[in-house]
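Novice: My file is structure_1.csv. It has CSV, C-alpha atoms:
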```
chain,number,residue,atom,x,y,z
C,1,MET,CA,6.6,17.7,-7.9
C,2,ALA,CA,4.7,14.5,-8.4
C,3,ARG,CA,1.6,14.1,-6.3
C,4,VAL,CA,1.2,11.3,-3.7
C,5,ILE,CA,-2.2,9.6,-3.5
C,6,GLY,CA,-3.7,8.3,-0.2
C,7,ILE,CA,-5.3,4.8,-0.5
C,8,ASP,CA,-7.8,3.1,1.8
C,9,LEU,CA,-7.3,-0.5,0.7
C,10,GLY,CA,-10.5,-1.9,2.4
C,11,THR,CA,-11.8,-5.4,2.9
C,12,THR,CA,-15.0,-4.6,1.0
C,13,ASN,CA,-14.4,-1.2,-0.7
C,14,SER,CA,-11.4,0.9,-1.4
C,15,ALA,CA,-11.0,4.6,-1.9
C,16,MET,CA,-8.3,7.1,-2.9
C,17,ALA,CA,-7.7,10.8,-2.3
C,18,VAL,CA,-5.2,13.5,-3.1
C,19,LEU,CA,-4.3,16.7,-1.4
C,20,GLU,CA,-5.8,19.8,-3.1
C,21,GLY,CA,-4.8,23.1,-1.3
C,22,GLY,CA,-3.9,21.2,1.8
C,23,GLU,CA,-7.3,19.5,1.9
C,24,PRO,CA,-8.0,15.8,1.0
C,25,MET,CA,-10.1,15.4,-2.2
C,26,ILE,CA,-11.6,12.0,-3.0
C,27,ILE,CA,-10.7,10.8,-6.5
C,28,PRO,CA,-13.6,9.1,-8.3
C,29,ASN,CA,-12.9,5.9,-10.2
C,30,ALA,CA,-13.4,5.4,-13.9
C,31,GLU,CA,-17.1,4.5,-13.2
C,32,GLY,CA,-17.6,7.9,-11.5
C,33,GLU,CA,-17.9,6.3,-8.1
C,34,ARG,CA,-16.1,7.5,-4.9
C,35,THR,CA,-15.4,4.0,-3.7
C,36,THR,CA,-14.4,0.8,-5.6
C,37,PRO,CA,-15.5,-2.7,-4.5
C,38,SER,CA,-12.4,-4.7,-3.4
C,39,VAL,CA,-13.4,-7.5,-5.7
C,40,VAL,CA,-11.3,-9.2,-8.4
C,41,ALA,CA,-12.7,-11.6,-11.0
C,42,PHE,CA,-11.1,-13.7,-13.8
C,43,THR,CA,-13.2,-14.4,-16.9
C,44,GLU,CA,-12.9,-17.7,-18.8
C,45,ASP,CA,-10.8,-16.0,-21.5
C,46,GLY,CA,-8.2,-14.7,-18.9
C,47,GLU,CA,-9.4,-11.1,-18.6
C,48,VAL,CA,-9.1,-9.6,-15.1
C,49,ILE,CA,-12.1,-7.5,-13.9
C,50,VAL,CA,-11.8,-5.3,-10.8
C,51,GLY,CA,-14.4,-3.3,-8.8
C,52,ARG,CA,-18.1,-2.9,-9.5
C,53,LEU,CA,-18.2,-5.2,-12.6
C,54,ALA,CA,-16.4,-8.0,-10.6
C,55,LYS,CA,-18.9,-7.6,-7.7
C,56,GLN,CA,-21.9,-7.7,-10.0
C,57,GLN,CA,-21.0,-11.2,-11.2
C,58,ALA,CA,-19.6,-12.6,-7.9
C,59,ILE,CA,-22.5,-14.9,-7.0
C,60,ALA,CA,-22.9,-16.2,-10.6
C,61,ASN,CA,-19.2,-16.8,-10.9
C,62,PRO,CA,-17.9,-17.7,-7.4
C,63,GLU,CA,-15.0,-20.0,-8.4
C,64,ARG,CA,-13.3,-17.2,-10.3
C,65,THR,CA,-14.1,-14.2,-8.1
C,66,ILE,CA,-12.1,-13.1,-5.1
C,67,ALA,CA,-13.4,-10.8,-2.4
C,68,SER,CA,-12.1,-9.8,1.1
C,69,ILE,CA,-8.5,-10.7,0.2
C,70,LYS,CA,-7.4,-8.2,2.8
C,71,ARG,CA,-8.2,-10.8,5.5
C,72,LYS,CA,-5.4,-13.1,4.1
C,73,MET,CA,-2.7,-10.4,3.8
C,74,GLY,CA,0.6,-11.6,5.3
C,75,SER,CA,-0.4,-15.3,5.2
C,76,THR,CA,0.6,-18.2,3.1
C,77,TYR,CA,-2.9,-18.4,1.5
C,78,ARG,CA,-3.0,-18.8,-2.3
C,79,VAL,CA,-5.8,-18.3,-4.8
C,80,ARG,CA,-5.8,-20.8,-7.7
C,81,ILE,CA,-7.3,-19.8,-11.0
C,82,ASP,CA,-6.9,-22.4,-13.8
C,83,ASP,CA,-3.3,-23.4,-13.6
C,84,LYS,CA,-1.9,-20.3,-11.9
C,85,GLU,CA,-1.6,-19.4,-8.2
C,86,TYR,CA,-1.8,-15.9,-6.8
C,87,THR,CA,-0.7,-14.5,-3.5
C,88,PRO,CA,-2.9,-12.1,-1.5
C,89,GLN,CA,-0.4,-9.4,-2.5
C,90,GLU,CA,-0.9,-10.1,-6.2
C,91,ILE,CA,-4.7,-10.1,-5.9
C,92,SER,CA,-4.5,-6.8,-3.9
C,93,ALA,CA,-2.2,-5.4,-6.6
C,94,PHE,CA,-5.0,-5.8,-9.2
C,95,ILE,CA,-7.2,-3.5,-7.0
C,96,LEU,CA,-4.3,-1.0,-6.5
C,97,ARG,CA,-3.5,-1.1,-10.2
C,98,LYS,CA,-7.1,0.0,-11.0
C,99,LEU,CA,-7.0,2.7,-8.4
C,100,LYS,CA,-3.7,4.0,-9.7
C,101,ARG,CA,-4.9,3.9,-13.4
C,102,ASP,CA,-8.2,5.7,-12.5
C,103,ALA,CA,-6.3,8.3,-10.5
C,104,GLU,CA,-3.9,9.0,-13.4
C,105,GLU,CA,-6.8,9.3,-15.8
C,106,TYR,CA,-8.7,11.7,-13.5
C,107,LEU,CA,-5.7,13.8,-12.5
C,108,GLY,CA,-4.1,13.8,-15.9
C,109,GLU,CA,-0.6,12.9,-14.6
C,110,ARG,CA,1.5,9.8,-13.7
C,111,ILE,CA,1.1,8.5,-10.2
C,112,THR,CA,4.1,6.6,-8.7
C,113,LYS,CA,3.9,7.3,-4.9
C,114,ALA,CA,1.2,6.4,-2.4
C,115,VAL,CA,0.4,6.2,1.3
C,116,ILE,CA,-1.8,3.2,2.2
C,117,THR,CA,-3.9,2.8,5.4
C,118,VAL,CA,-4.1,-0.5,7.3
C,119,PRO,CA,-6.0,-1.7,10.5
C,120,ALA,CA,-4.2,-0.8,13.7
C,121,TYR,CA,-3.9,-4.5,14.6
C,122,PHE,CA,-2.0,-5.4,11.4
C,123,GLU,CA,1.3,-7.0,12.4
C,124,ASP,CA,4.6,-6.5,10.5
C,125,PRO,CA,4.0,-9.4,7.9
C,126,GLN,CA,0.6,-7.9,7.0
C,127,ARG,CA,2.0,-4.4,6.7
C,128,GLN,CA,4.9,-5.7,4.6
C,129,ALA,CA,2.4,-7.6,2.4
C,130,THR,CA,0.5,-4.3,1.8
C,131,LYS,CA,3.7,-2.5,0.8
C,132,ASP,CA,4.5,-5.4,-1.5
C,133,ALA,CA,1.1,-5.2,-3.2
C,134,GLY,CA,1.8,-1.5,-3.8
C,135,ARG,CA,5.1,-2.3,-5.4
C,136,ILE,CA,3.6,-5.0,-7.6
C,137,ALA,CA,1.0,-2.4,-8.8
C,138,GLY,CA,3.8,0.0,-9.7
C,139,LEU,CA,3.6,2.2,-6.5
C,140,ASP,CA,6.3,3.4,-4.2
C,141,VAL,CA,4.5,3.1,-0.8
C,142,LEU,CA,6.0,5.9,1.2
C,143,ARG,CA,4.1,5.2,4.4
C,144,ILE,CA,1.7,2.7,6.0
C,145,ILE,CA,-0.7,4.5,8.3
C,146,ASN,CA,-3.1,3.1,10.9
C,147,GLU,CA,-6.7,3.5,9.8
C,148,PRO,CA,-7.9,5.0,13.1
C,149,THR,CA,-5.0,7.6,12.9
C,150,ALA,CA,-6.1,8.4,9.3
C,151,ALA,CA,-9.7,8.9,10.6
C,152,ALA,CA,-8.5,11.3,13.3
C,153,LEU,CA,-6.5,13.2,10.7
C,154,ALA,CA,-9.6,13.4,8.4
C,155,TYR,CA,-11.5,15.0,11.3
C,156,GLY,CA,-8.7,17.5,11.9
C,157,LEU,CA,-8.0,16.3,15.4
C,158,ASP,CA,-4.2,16.8,14.9
C,159,LYS,CA,-4.8,20.5,14.7
C,160,MET,CA,-6.6,20.8,18.1
C,161,ASP,CA,-4.7,22.4,21.0
C,162,GLU,CA,-6.2,20.1,23.7
C,163,GLU,CA,-5.2,16.5,24.5
C,164,LEU,CA,-8.0,14.1,23.5
C,165,THR,CA,-9.0,10.5,24.1
C,166,VAL,CA,-10.7,9.3,20.9
C,167,LEU,CA,-12.6,6.1,20.1
C,168,VAL,CA,-12.8,5.1,16.4
C,169,PHE,CA,-15.8,2.9,15.7
C,170,ASP,CA,-15.3,1.3,12.3
C,171,LEU,CA,-18.1,-1.0,11.1
C,172,GLY,CA,-17.4,-1.7,7.4
C,173,GLY,CA,-18.6,-4.1,4.8
C,174,GLY,CA,-16.8,-7.2,6.2
C,175,THR,CA,-15.1,-6.3,9.4
C,176,PHE,CA,-15.6,-4.4,12.7
C,177,ASP,CA,-12.7,-2.6,14.4
C,178,VAL,CA,-12.7,-0.4,17.4
C,179,SER,CA,-9.6,1.6,18.4
C,180,ILE,CA,-8.8,4.1,21.2
C,181,LEU,CA,-6.2,6.8,20.5
C,182,GLU,CA,-4.5,9.4,22.6
C,183,ILE,CA,-3.9,12.6,20.7
C,184,GLY,CA,-1.8,15.5,21.8
C,185,ASN,CA,0.7,17.9,20.3
C,186,GLY,CA,0.1,16.5,16.8
C,187,LEU,CA,1.1,13.0,18.0
C,188,PHE,CA,-1.1,9.9,17.8
C,189,GLU,CA,-0.8,6.9,20.0
C,190,VAL,CA,-3.0,3.8,19.6
C,191,LYS,CA,-3.8,2.7,23.2
C,192,ALA,CA,-6.0,-0.3,22.4
C,193,THR,CA,-7.6,-2.0,19.4
C,194,SER,CA,-10.2,-4.8,19.2
C,195,GLY,CA,-12.8,-6.0,16.8
C,196,ASN,CA,-14.5,-8.9,14.9
C,197,ASN,CA,-12.9,-9.9,11.5
C,198,HIS,CA,-16.2,-11.4,10.4
C,199,LEU,CA,-18.9,-8.8,11.2
C,200,GLY,CA,-20.0,-6.1,8.8
C,201,GLY,CA,-22.4,-4.9,6.2
C,202,ASP,CA,-22.4,-8.2,4.4
C,203,ASP,CA,-24.0,-9.9,7.4
C,204,PHE,CA,-26.8,-7.3,7.5
C,205,ASP,CA,-27.4,-7.8,3.7
C,206,ARG,CA,-27.6,-11.6,4.4
C,207,ARG,CA,-30.4,-11.1,6.9
C,208,ILE,CA,-32.5,-9.3,4.3
C,209,MET,CA,-31.7,-11.9,1.7
C,210,ASP,CA,-32.7,-14.7,4.0
C,211,TRP,CA,-36.0,-12.9,4.8
C,212,LEU,CA,-36.8,-12.5,1.1
C,213,ILE,CA,-36.0,-16.1,0.4
C,214,ASP,CA,-38.3,-17.2,3.2
C,215,ARG,CA,-41.1,-14.9,2.0
C,216,PHE,CA,-40.8,-16.2,-1.6
C,217,GLU,CA,-40.8,-19.8,-0.5
C,218,GLU,CA,-43.9,-19.3,1.7
C,219,ARG,CA,-45.7,-17.8,-1.3
C,220,TYR,CA,-44.5,-20.0,-4.2
C,221,GLY,CA,-42.9,-23.0,-2.6
C,222,VAL,CA,-39.6,-22.1,-4.5
C,223,ASP,CA,-36.2,-21.9,-2.7
C,224,LEU,CA,-34.4,-19.1,-4.5
C,225,SER,CA,-31.1,-19.8,-2.6
C,226,GLN,CA,-30.5,-22.7,-5.1
C,227,ASP,CA,-30.4,-20.3,-8.1
C,228,ARG,CA,-27.1,-18.3,-8.5
C,229,ILE,CA,-28.6,-15.6,-10.8
C,230,ALA,CA,-31.5,-15.0,-8.4
C,231,MET,CA,-29.1,-14.8,-5.4
C,232,GLN,CA,-27.0,-12.2,-7.2
C,233,ARG,CA,-30.2,-10.1,-7.7
C,234,LEU,CA,-31.2,-10.6,-4.1
C,235,LYS,CA,-27.8,-9.6,-2.8
C,236,ASP,CA,-27.8,-6.3,-4.9
C,237,ALA,CA,-31.4,-5.6,-3.8
C,238,ALA,CA,-30.7,-6.3,-0.1
C,239,GLU,CA,-27.7,-3.9,-0.1
C,240,LYS,CA,-29.8,-1.2,-1.8
C,241,ALA,CA,-32.6,-1.7,0.7
C,242,LYS,CA,-30.2,-1.6,3.7
C,243,ILE,CA,-28.8,1.7,2.5
C,244,GLU,CA,-32.2,3.2,1.9
C,245,LEU,CA,-33.4,2.3,5.4
C,246,SER,CA,-30.7,4.5,6.9
C,247,THR,CA,-32.7,7.6,5.6
C,248,LYS,CA,-36.2,6.1,5.1
C,249,LEU,CA,-38.6,4.4,7.4
C,250,SER,CA,-39.6,1.8,4.8
C,251,THR,CA,-38.6,0.6,1.3
C,252,VAL,CA,-40.1,-1.6,-1.3
C,253,ILE,CA,-37.9,-4.4,-2.8
C,254,SER,CA,-39.1,-5.3,-6.3
C,255,LEU,CA,-37.6,-8.0,-8.3
C,256,PRO,CA,-39.7,-8.9,-11.4
C,257,TYR,CA,-39.2,-12.2,-13.2
C,258,ILE,CA,-37.0,-13.5,-10.3
C,259,TRP,CA,-38.3,-17.0,-11.2
C,260,VAL,CA,-39.9,-18.7,-14.2
C,261,ASP,CA,-41.4,-22.2,-14.3
C,262,GLU,CA,-44.1,-24.0,-16.3
C,263,THR,CA,-46.8,-21.9,-14.7
C,264,GLY,CA,-45.2,-18.7,-15.8
C,265,PRO,CA,-43.0,-15.9,-14.4
C,266,LYS,CA,-42.9,-15.2,-10.6
C,267,HIS,CA,-42.2,-11.7,-9.2
C,268,LEU,CA,-40.8,-10.8,-5.8
C,269,GLU,CA,-42.2,-7.6,-4.2
C,270,GLU,CA,-41.9,-7.0,-0.4
C,271,GLU,CA,-42.0,-3.9,1.8
C,272,LEU,CA,-39.4,-3.8,4.4
C,273,THR,CA,-39.7,-1.3,7.3
C,274,ARG,CA,-36.8,0.1,9.3
C,275,LYS,CA,-38.4,-1.3,12.4
C,276,ARG,CA,-38.4,-4.9,11.0
C,277,PHE,CA,-34.8,-4.6,9.7
C,278,GLU,CA,-33.6,-3.4,13.1
C,279,ALA,CA,-35.3,-6.3,14.8
C,280,MET,CA,-33.7,-8.8,12.4
C,281,THR,CA,-30.2,-7.4,12.9
C,282,GLU,CA,-30.3,-6.5,16.6
C,283,ASP,CA,-28.0,-9.3,17.5
C,284,LEU,CA,-25.4,-8.2,14.9
C,285,ILE,CA,-25.3,-4.7,16.5
C,286,GLU,CA,-25.0,-6.4,19.9
C,287,LYS,CA,-21.9,-8.2,18.7
C,288,THR,CA,-20.0,-4.8,18.7
C,289,ILE,CA,-20.4,-4.5,22.5
C,290,GLY,CA,-17.8,-7.2,23.4
C,291,PRO,CA,-14.9,-5.7,21.3
C,292,THR,CA,-15.8,-2.1,22.4
C,293,LYS,CA,-15.7,-3.1,26.1
C,294,ARG,CA,-12.5,-5.1,25.5
C,295,ALA,CA,-10.8,-2.0,23.9
C,296,LEU,CA,-11.8,0.2,26.9
C,297,LYS,CA,-10.6,-2.4,29.4
C,298,ASP,CA,-7.2,-2.8,27.6
C,299,ALA,CA,-6.8,1.0,27.6
C,300,GLY,CA,-7.8,1.2,31.3
C,301,LEU,CA,-10.7,3.5,30.5
C,302,ARG,CA,-14.4,3.9,31.2
C,303,PRO,CA,-16.9,5.0,28.5
C,304,SER,CA,-17.1,8.4,30.2
C,305,ASP,CA,-13.3,8.9,29.6
C,306,ILE,CA,-13.8,9.1,25.8
C,307,ASP,CA,-13.8,12.7,24.5
C,308,LYS,CA,-14.8,12.0,20.9
C,309,ILE,CA,-16.3,9.1,19.0
C,310,LEU,CA,-15.5,9.0,15.2
C,311,LEU,CA,-17.7,6.9,12.9
C,312,VAL,CA,-16.0,5.0,10.1
C,313,GLY,CA,-17.5,2.5,7.6
C,314,GLY,CA,-20.8,2.6,5.7
C,315,MET,CA,-22.7,0.6,8.4
C,316,THR,CA,-22.3,3.4,10.9
C,317,ARG,CA,-24.9,5.3,8.9
C,318,MET,CA,-27.6,2.9,10.3
C,319,PRO,CA,-29.6,4.8,12.9
C,320,ALA,CA,-29.7,1.7,15.2
C,321,VAL,CA,-25.9,1.6,15.2
C,322,GLN,CA,-25.7,5.3,16.1
C,323,ASN,CA,-28.3,4.9,18.8
C,324,PHE,CA,-26.3,2.0,20.4
C,325,ILE,CA,-23.2,4.2,20.4
C,326,ARG,CA,-25.1,7.1,21.9
C,327,GLU,CA,-26.6,5.0,24.7
C,328,PHE,CA,-23.4,3.2,25.5
C,329,PHE,CA,-21.2,6.3,25.7
C,330,LYS,CA,-23.9,8.8,26.7
C,331,LYS,CA,-22.6,11.2,24.0
C,332,ASN,CA,-23.2,11.8,20.3
C,333,PRO,CA,-20.7,10.5,17.8
C,334,GLU,CA,-19.0,12.9,15.3
C,335,LYS,CA,-20.8,12.7,11.9
C,336,LYS,CA,-19.4,15.5,9.8
C,337,ILE,CA,-17.4,13.3,7.4
C,338,ASN,CA,-18.6,10.6,5.0
C,339,PRO,CA,-17.8,7.4,7.0
C,340,ASP,CA,-17.0,5.6,3.7
C,341,GLU,CA,-14.2,8.1,3.0
C,342,CYS,CA,-12.5,9.2,6.2
C,343,VAL,CA,-9.6,6.6,6.2
```
Turn this file's structure into structure tokens for me.
Specialist:
Amino acid sequence: MARVIGIDLGTTNSAMAVLEGGEPMIIPNAEGERTTPSVVAFTEDGEVIVGRLAKQQAIANPERTIASIKRKMGSTYRVRIDDKEYTPQEISAFILRKLKRDAEEYLGERITKAVITVPAYFEDPQRQATKDAGRIAGLDVLRIINEPTAAALAYGLDKMDEELTVLVFDLGGGTFDVSILEIGNGLFEVKATSGNNHLGGDDFDRRIMDWLIDRFEERYGVDLSQDRIAMQRLKDAAEKAKIELSTKLSTVISLPYIWVDETGPKHLEEELTRKRFEAMTEDLIEKTIGPTKRALKDAGLRPSDIDKILLVGGMTRMPAVQNFIREFFKKNPEKKINPDECV
């Protein structure tokens, strides 16, 4: 019997898994990575690049690079490249096609069926657009599953005897979603969902980038934000530093030869502490409070009514985010599953 793959078609990153002995197993992509950037780029000679390579040239080639297309699913938005227009479904299909191809290569068999996760707040047009993207990519989409439900399944909450009220706190690369689920007898009901479509890891990266740009300008009188190649290097370095600061108290950002002029090459080297990073992003974490309170209000619940808190999205690794959740709900969030992989 042909296997069905599960796909998390994310705003910033996508992932795929397959059931092995009843347990989900993440399928690495062709680059050996467990997640694939949801970025599509078109080269001048018409080649389509998807994933890590597309992301690496995004700032240097912005007119021909598409990211965060998930935000446009189900809309009349079109992407124009040269003399051709693409729908959000067609752009998403490039991502799904790569995932399908990489899964087939890894598993050594043809893949034709998939289950795809979507945000709980997706309306019918967005859900249909996601199915259409799968069809364009050569996949029969058997089910569309709500992301918070997928997270609860990943944590095995469907197998528990008791009835639970669960809050899923999903802070990803480009979006923030908070959902409240009632779980009992293997059934899931989404009671409320809220969020911010423009809050995520990219905003935290930007704070580090702006800080580095200011520091360099103070030292050399040069504004790096006007140089696309420098900005691409800053973006990559900022993301790396952000990830390191989830496990380390400080990190050194080193970018040699970031600028060259008639006086010679200029190097950027700065130490960023976790304390400074938390101070420069405190307001971003505070932006999660409003949607969280709104979801609780819509569900008619208080923070003390929540039995379990599930963390989804890479940004929930940040200690300051976990501390905020701990203080707000007066309980520890569940952390036993990689937050990048649980939907």
Novice: In Å to one decimal, how far is CA of Phe176 (chain C) from CA of Glu334 (chain C)?
Specialist: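 Taking CA of Glu334 (chain C) and CA of Phe176 (chain C), their separation equals 17.8 Å.
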Novice: Need the shell around Ala58 (chain C): protein/DNA/RNA residues with any atom at most 8 Å away, counting only C-alpha atoms. Skip same-chain ones fewer than 4 positions apart. Format as a list of chain:residue names?
Specialist: C:Ala41, C:Ala54, C:Pro62, C:Thr65, C:Gln232
Novice: Measure the distance from CA of Ile81 (chain C) to CA of Arg64 (chain C) in Å and round it to one decimal.
Specialist: 6.6 Å
Novice: Need the shell around Pro333 (chain C): protein/DNA/RNA residues with any atom at most 9 Å away, counting only C-alpha atoms. Skip same-chain ones fewer than 2 positions apart. Format as a list in words?
Specialist: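 My reading of the contact set: Lys308, Ile309, Leu310, Leu311, Gln322, Ile325, Arg326, Phe329, Lys331 and Lys335 of chain C.
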Novice: Using only C-alpha atoms, which protein or nucleic acid residues come within 8 Å of region 2-19 of chain C? Drop anything in the same chain fewer than 2 positions from it, and give the result as number ranges by chain.
Specialist: C: 21-28, 34-39, 67-71, 96, 99, 103, 110-118, 172-175, 341, 343
Novice: Which distance in Å separates CA of Glu217 (chain C) and CA of Ile285 (chain C), to one decimal?
Specialist: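 Atom-to-atom, CA of Glu217 (chain C) and CA of Ile285 (chain C) are spaced 27.5 Å apart.
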Novice: Give the answer as one residue: which of C:His198, C:Leu53, C:Asp261, C:Pro339 has the shortest atom-to-atom distance to Pro148 (chain C), using all atoms listed in the file?
Specialist: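 So, comparing all the options, the nearest one is C:Pro339.
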Novice: Write out as a PyMOL selection string the residues lying within 8 Å of Val166 (chain C), counting all atoms listed in the file and excluding same-chain residues fewer than 2 positions away.
Specialist: chain C and resi 164+168+180-183+306-310
Novice: When you look at Ala30 (chain C) with a cut-off of 8 Å (counting only C-alpha atoms), what residues show up, excluding the ones that are within fewer than 2 positions of it in the same chain? I need them as number ranges by chain.
Specialist: C: 28, 32-33, 102, 105-106
Novice: Would you mind telling me which residue in C:Thr273, C:Gln226, C:Ser92, C:Thr165 lies nearest to Asp132 (chain C) when using all atoms listed in the file?
Specialist: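 Distance minimum relative to Asp132 (chain C) lands on C:Ser92.
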Novice: Taking all atoms listed in the file into account, name the residue in C:Leu187, C:Trp259, C:Ala154, C:Met209 that is nearest to Ile337 (chain C).
Specialist: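 So, comparing all the options, the nearest one is C:Ala154.
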Novice: Taking into account only C-alpha atoms, which residue in the set C:Ser179, C:Lys84, C:Gly186, C:Ile66 is nearest to Leu153 (chain C)?
Specialist: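 Using only C-alpha atoms, Leu153 (chain C) sits closest to C:Gly186.
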Novice: Select, from C:Thr193, C:Phe277, C:Asn338, C:Glu147, the residue with the minimum atom-to-atom distance to Asp210 (chain C), counting only C-alpha atoms.
Specialist: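 Checking each candidate against Asp210 (chain C), we get C:Phe277 as the closest.
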Novice: Would you mind writing region 256-263 of chain C with all heavy atoms, as an mmCIF file, in the coordinates of the input?
Specialist:
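Below is the file that was written, out_34.cif:
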```cif
data_model
loop_
_atom_site.group_PDB
_atom_site.id
_atom_site.type_symbol
_atom_site.label_atom_id
_atom_site.label_comp_id
_atom_site.auth_asym_id
_atom_site.auth_seq_id
_atom_site.Cartn_x
_atom_site.Cartn_y
_atom_site.Cartn_z
ATOM 1 N N PRO C 256 -38.842 -8.164 -10.423
ATOM 2 C CA PRO C 256 -39.700 -8.900 -11.400
ATOM 3 C C PRO C 256 -38.983 -10.030 -12.054
ATOM 4 O O PRO C 256 -37.754 -10.001 -12.211
ATOM 5 C CB PRO C 256 -40.084 -7.777 -12.379
ATOM 6 C CG PRO C 256 -39.031 -6.728 -12.243
ATOM 7 C CD PRO C 256 -38.541 -6.790 -10.829
ATOM 8 N N TYR C 257 -39.735 -11.038 -12.431
ATOM 9 C CA TYR C 257 -39.200 -12.200 -13.200
ATOM 10 C C TYR C 257 -38.021 -12.871 -12.428
ATOM 11 O O TYR C 257 -37.060 -13.297 -13.048
ATOM 12 C CB TYR C 257 -38.786 -11.819 -14.587
ATOM 13 C CG TYR C 257 -39.911 -11.239 -15.396
ATOM 14 C CD1 TYR C 257 -40.076 -9.856 -15.504
ATOM 15 C CD2 TYR C 257 -40.832 -12.068 -16.044
ATOM 16 C CE1 TYR C 257 -41.132 -9.303 -16.229
ATOM 17 C CE2 TYR C 257 -41.894 -11.531 -16.771
ATOM 18 C CZ TYR C 257 -42.038 -10.151 -16.857
ATOM 19 O OH TYR C 257 -43.082 -9.636 -17.573
ATOM 20 N N ILE C 258 -38.109 -12.926 -11.107
ATOM 21 C CA ILE C 258 -37.000 -13.500 -10.300
ATOM 22 C C ILE C 258 -37.019 -15.055 -10.529
ATOM 23 O O ILE C 258 -36.010 -15.724 -10.325
ATOM 24 C CB ILE C 258 -37.172 -13.172 -8.818
ATOM 25 C CG1 ILE C 258 -35.941 -13.578 -7.998
ATOM 26 C CG2 ILE C 258 -38.426 -13.783 -8.197
ATOM 27 C CD1 ILE C 258 -34.805 -12.653 -8.027
ATOM 28 N N TRP C 259 -38.176 -15.598 -10.957
ATOM 29 C CA TRP C 259 -38.300 -17.000 -11.200
ATOM 30 C C TRP C 259 -39.280 -17.318 -12.283
ATOM 31 O O TRP C 259 -40.302 -16.658 -12.376
ATOM 32 C CB TRP C 259 -38.732 -17.741 -9.883
ATOM 33 C CG TRP C 259 -38.757 -19.239 -9.965
ATOM 34 C CD1 TRP C 259 -39.834 -20.049 -10.201
ATOM 35 C CD2 TRP C 259 -37.647 -20.118 -9.827
ATOM 36 N NE1 TRP C 259 -39.468 -21.368 -10.223
ATOM 37 C CE2 TRP C 259 -38.121 -21.448 -9.988
ATOM 38 C CE3 TRP C 259 -36.282 -19.907 -9.584
ATOM 39 C CZ2 TRP C 259 -37.287 -22.554 -9.916
ATOM 40 C CZ3 TRP C 259 -35.453 -21.015 -9.512
ATOM 41 C CH2 TRP C 259 -35.949 -22.318 -9.678
ATOM 42 N N VAL C 260 -38.961 -18.267 -13.122
ATOM 43 C CA VAL C 260 -39.900 -18.700 -14.200
ATOM 44 C C VAL C 260 -39.988 -20.195 -14.200
ATOM 45 O O VAL C 260 -38.963 -20.885 -14.173
ATOM 46 C CB VAL C 260 -39.419 -18.170 -15.578
ATOM 47 C CG1 VAL C 260 -40.392 -18.611 -16.668
ATOM 48 C CG2 VAL C 260 -39.262 -16.650 -15.592
ATOM 49 N N ASP C 261 -41.232 -20.718 -14.198
ATOM 50 C CA ASP C 261 -41.400 -22.200 -14.300
ATOM 51 C C ASP C 261 -42.579 -22.412 -15.305
ATOM 52 O O ASP C 261 -43.049 -21.474 -15.975
ATOM 53 C CB ASP C 261 -41.640 -22.848 -12.984
ATOM 54 C CG ASP C 261 -42.843 -22.298 -12.230
ATOM 55 O OD1 ASP C 261 -43.711 -21.668 -12.876
ATOM 56 O OD2 ASP C 261 -42.913 -22.477 -11.007
ATOM 57 N N GLU C 262 -43.056 -23.635 -15.342
ATOM 58 C CA GLU C 262 -44.100 -24.000 -16.300
ATOM 59 C C GLU C 262 -45.396 -23.217 -16.121
ATOM 60 O O GLU C 262 -46.204 -23.083 -17.050
ATOM 61 C CB GLU C 262 -44.347 -25.504 -16.345
ATOM 62 C CG GLU C 262 -44.868 -26.095 -15.039
ATOM 63 C CD GLU C 262 -43.742 -26.380 -14.041
ATOM 64 O OE1 GLU C 262 -42.565 -26.105 -14.363
ATOM 65 O OE2 GLU C 262 -44.059 -26.893 -12.959
ATOM 66 N N THR C 263 -45.610 -22.696 -14.916
ATOM 67 C CA THR C 263 -46.800 -21.900 -14.700
ATOM 68 C C THR C 263 -46.673 -20.448 -15.005
ATOM 69 O O THR C 263 -47.615 -19.667 -14.863
ATOM 70 C CB THR C 263 -47.251 -22.053 -13.158
ATOM 71 O OG1 THR C 263 -46.222 -21.480 -12.347
ATOM 72 C CG2 THR C 263 -47.480 -23.509 -12.779
#
```
